[in-house]
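*Asks:* Got a structure for you, written out below as structure tokens; questions coming shortly.
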Amino acid sequence: MKKIRGRMDESILVCVFYGPNGERLISRGHRLASMLDCPLYILTVDPTSINEFDAEKASYIERWKELAEEYEAEEFIVRDNEKRPSAKVIAEVAHEFNITQIIIGQTARSRWEEITKGSFLNMLLREIPFVDLHVVSVARTVKGVEGDEFEKGVRCYLVKDGDSYKINFTQSKKCQIEGIFFKEIGTDFDNGIFKFMHDNKLYQAEVTDDRIDLPEIIDACLDKELVKNK
């Protein structure tokens, strides 16, 4: 994962929390680190022990690990079972790895919480005034990811239905793949995205009227499984 960098006086830390916007933040950090030719670190903080993560959280962790390897990050850091405020943990990591720039996301919801509960960013600046903060707005969601555009994910299963697959919220013998469904906000139909793990990789497929739009994605995964089990 590690390689020799041209500059060691600069180092980038990307802070990611659960949600697909993490990929966007990591990509932003990678571009900045590449431009400066400096080390890149990725950090996530969670109050729960990693052994107690549900499938959704575990899938994000695996995806971020993949990106850390792909982008040749120095280290992917998971601070689990953390009872301290996130700002204090981020500051501790920044000191430990001599971080000079931090990339962090902020949604419309978190901006409202700052008004009502106090600023997380101000707290972070008090902890580490020597670090430059890059605040990336994640309110502008992109199609096919969970964010303000989608409801909280719920566990569901795929069942073969003709040439496609239907999502089913009840497990049965006919279920072929288990995953998480994120329903679009403001629709009475089961439209949204379906995310699932296969061979330690995170996949997603769009759903319209409770059916997978591109069943070829699912077929390919199931075909691999058949070949592997032969």
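If you're wondering about the labels, chains in the structure tokens are A, B, ... by order shown, residues count from 1 in each chain, ligands from 1 in order shown.
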What lies within 7 Å of Thr100 of chain A using only C-alpha atoms, ignoring chain neighbours under 2 positions off, as number ranges by chain?
*Replies:* A: 10-12, 98, 102, 131-132
*Asks:* Atoms to include: N, CA and C atoms. Write the selected residues as a PDB file, in the first residue's frame.
*Replies:*
ATOM      1  N   GLU A  10       3.783  17.691   4.095  1.00  0.00           N
ATOM      2  CA  GLU A  10       2.326  17.754   3.988  1.00  0.00           C
ATOM      3  C   GLU A  10       1.763  16.341   4.123  1.00  0.00           C
ATOM      4  N   SER A  11       0.607  16.216   4.740  1.00  0.00           N
ATOM      5  CA  SER A  11      -0.074  14.919   4.804  1.00  0.00           C
ATOM      6  C   SER A  11      -1.574  15.162   4.941  1.00  0.00           C
ATOM      7  N   ILE A  12      -2.359  14.322   4.261  1.00  0.00           N
ATOM      8  CA  ILE A  12      -3.814  14.498   4.157  1.00  0.00           C
ATOM      9  C   ILE A  12      -4.522  13.431   4.979  1.00  0.00           C
ATOM     10  N   ASN A  98       1.103  13.514  12.098  1.00  0.00           N
ATOM     11  CA  ASN A  98       1.594  14.804  11.592  1.00  0.00           C
ATOM     12  C   ASN A  98       0.763  15.315  10.412  1.00  0.00           C
ATOM     13  N   ILE A 102      -7.041  18.303   6.592  1.00  0.00           N
ATOM     14  CA  ILE A 102      -8.114  17.344   6.856  1.00  0.00           C
ATOM     15  C   ILE A 102      -9.281  17.607   5.919  1.00  0.00           C
ATOM     16  N   VAL A 131      -4.001  22.772  11.645  1.00  0.00           N
ATOM     17  CA  VAL A 131      -4.394  21.976  10.480  1.00  0.00           C
ATOM     18  C   VAL A 131      -5.361  22.757   9.594  1.00  0.00           C
ATOM     19  N   ASP A 132      -5.187  22.646   8.275  1.00  0.00           N
ATOM     20  CA  ASP A 132      -6.130  23.244   7.329  1.00  0.00           C
ATOM     21  C   ASP A 132      -7.313  22.291   7.151  1.00  0.00           C
TER      22      ASP A 132
END
*Asks:* Find the spatial neighbours of Ile212 of chain A, counting only C-alpha atoms, within a cut-off of 10 Å - ignore same-chain residues fewer than 3 positions away - and output them as a PyMOL selection string.
*Replies:* chain A and resi 158+161+163-167+191-194+204-209+215-218
*Asks:* Output the selection as a short mmCIF file (atom, residue, chain, number, x, y, z; two decimals), in the first residue's frame - C-alpha atoms for each residue.
*Replies:*
data_model
loop_
_atom_site.label_atom_id
_atom_site.label_comp_id
_atom_site.auth_asym_id
_atom_site.auth_seq_id
_atom_site.Cartn_x
_atom_site.Cartn_y
_atom_site.Cartn_z
CA LEU A 158 -33.43 -10.79 -3.95
CA ASP A 161 -38.61 -13.24 -11.06
CA ASP A 163 -35.57 -12.31 -16.37
CA SER A 164 -34.99 -10.04 -13.39
CA TYR A 165 -34.99 -10.06 -9.58
CA LYS A 166 -37.47 -8.66 -7.08
CA ILE A 167 -36.61 -7.32 -3.64
CA ASN A 191 -37.61 2.68 -6.00
CA GLY A 192 -34.03 3.19 -4.91
CA ILE A 193 -30.80 1.21 -4.76
CA PHE A 194 -29.86 -2.25 -3.53
CA GLN A 204 -25.03 -1.78 -5.97
CA ALA A 205 -27.93 -1.94 -8.42
CA GLU A 206 -30.77 0.46 -9.08
CA VAL A 207 -34.31 -0.66 -8.25
CA THR A 208 -37.51 0.44 -10.00
CA ASP A 209 -40.92 -0.76 -8.79
CA PRO A 215 -30.15 -8.00 -13.50
CA GLU A 216 -26.89 -8.74 -15.33
CA ILE A 217 -25.03 -7.47 -12.24
CA ILE A 218 -26.75 -10.08 -10.08
#
*Asks:* Find, counting only C-alpha atoms, the residue in A:Leu43, A:His198, A:Phe130, A:Val159 that gets nearest to Lys224 of chain A.
*Replies:*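 Result for the nearest residue to Lys224 of chain A: A:His198.
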*Asks:* Could you name the residues that touch Tyr157 of chain A at 8 Å or less, counting only C-alpha atoms, but leaving out those on the same chain fewer than 6 positions away, as a PyMOL selection string?
*Replies:* chain A and resi 167-171+175-179
*Asks:* Could you work out how far atom CA of Leu25 of chain A lies from atom CA of Ala220 of chain A, giving the answer in Å with one decimal?
*Replies:*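 About the pair atom CA of Ala220 of chain A and atom CA of Leu25 of chain A: they are 29.0 Å apart.
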*Asks:* Which distance in Å separates atom CA of Phe17 of chain A and atom CA of Tyr41 of chain A, to one decimal?
*Replies:* 14.3 Å
*Asks:* When you look at segment 56-67 of chain A with a cut-off of 12 Å (counting only C-alpha atoms), what residues show up, excluding the ones that are within fewer than 6 positions of it in the same chain? I need them as a ChimeraX atom specification.
*Replies:* /A:1,14-30,40-46,48-50,73-80,146,152-156,178-182,194-204
*Asks:* Can you pull out the residues contacting Val135 of chain A? Cut-off 9 Å, using only C-alpha atoms, and skip same-chain residues under 3 positions away; I want them as a VMD selection string.
*Replies:* chain A and resid 102 to 106 121
*Asks:* What is the distance, in Å and to one decimal place, between atom CA of Lys83 of chain A and atom CA of Gln101 of chain A?
*Replies:* 24.5 Å
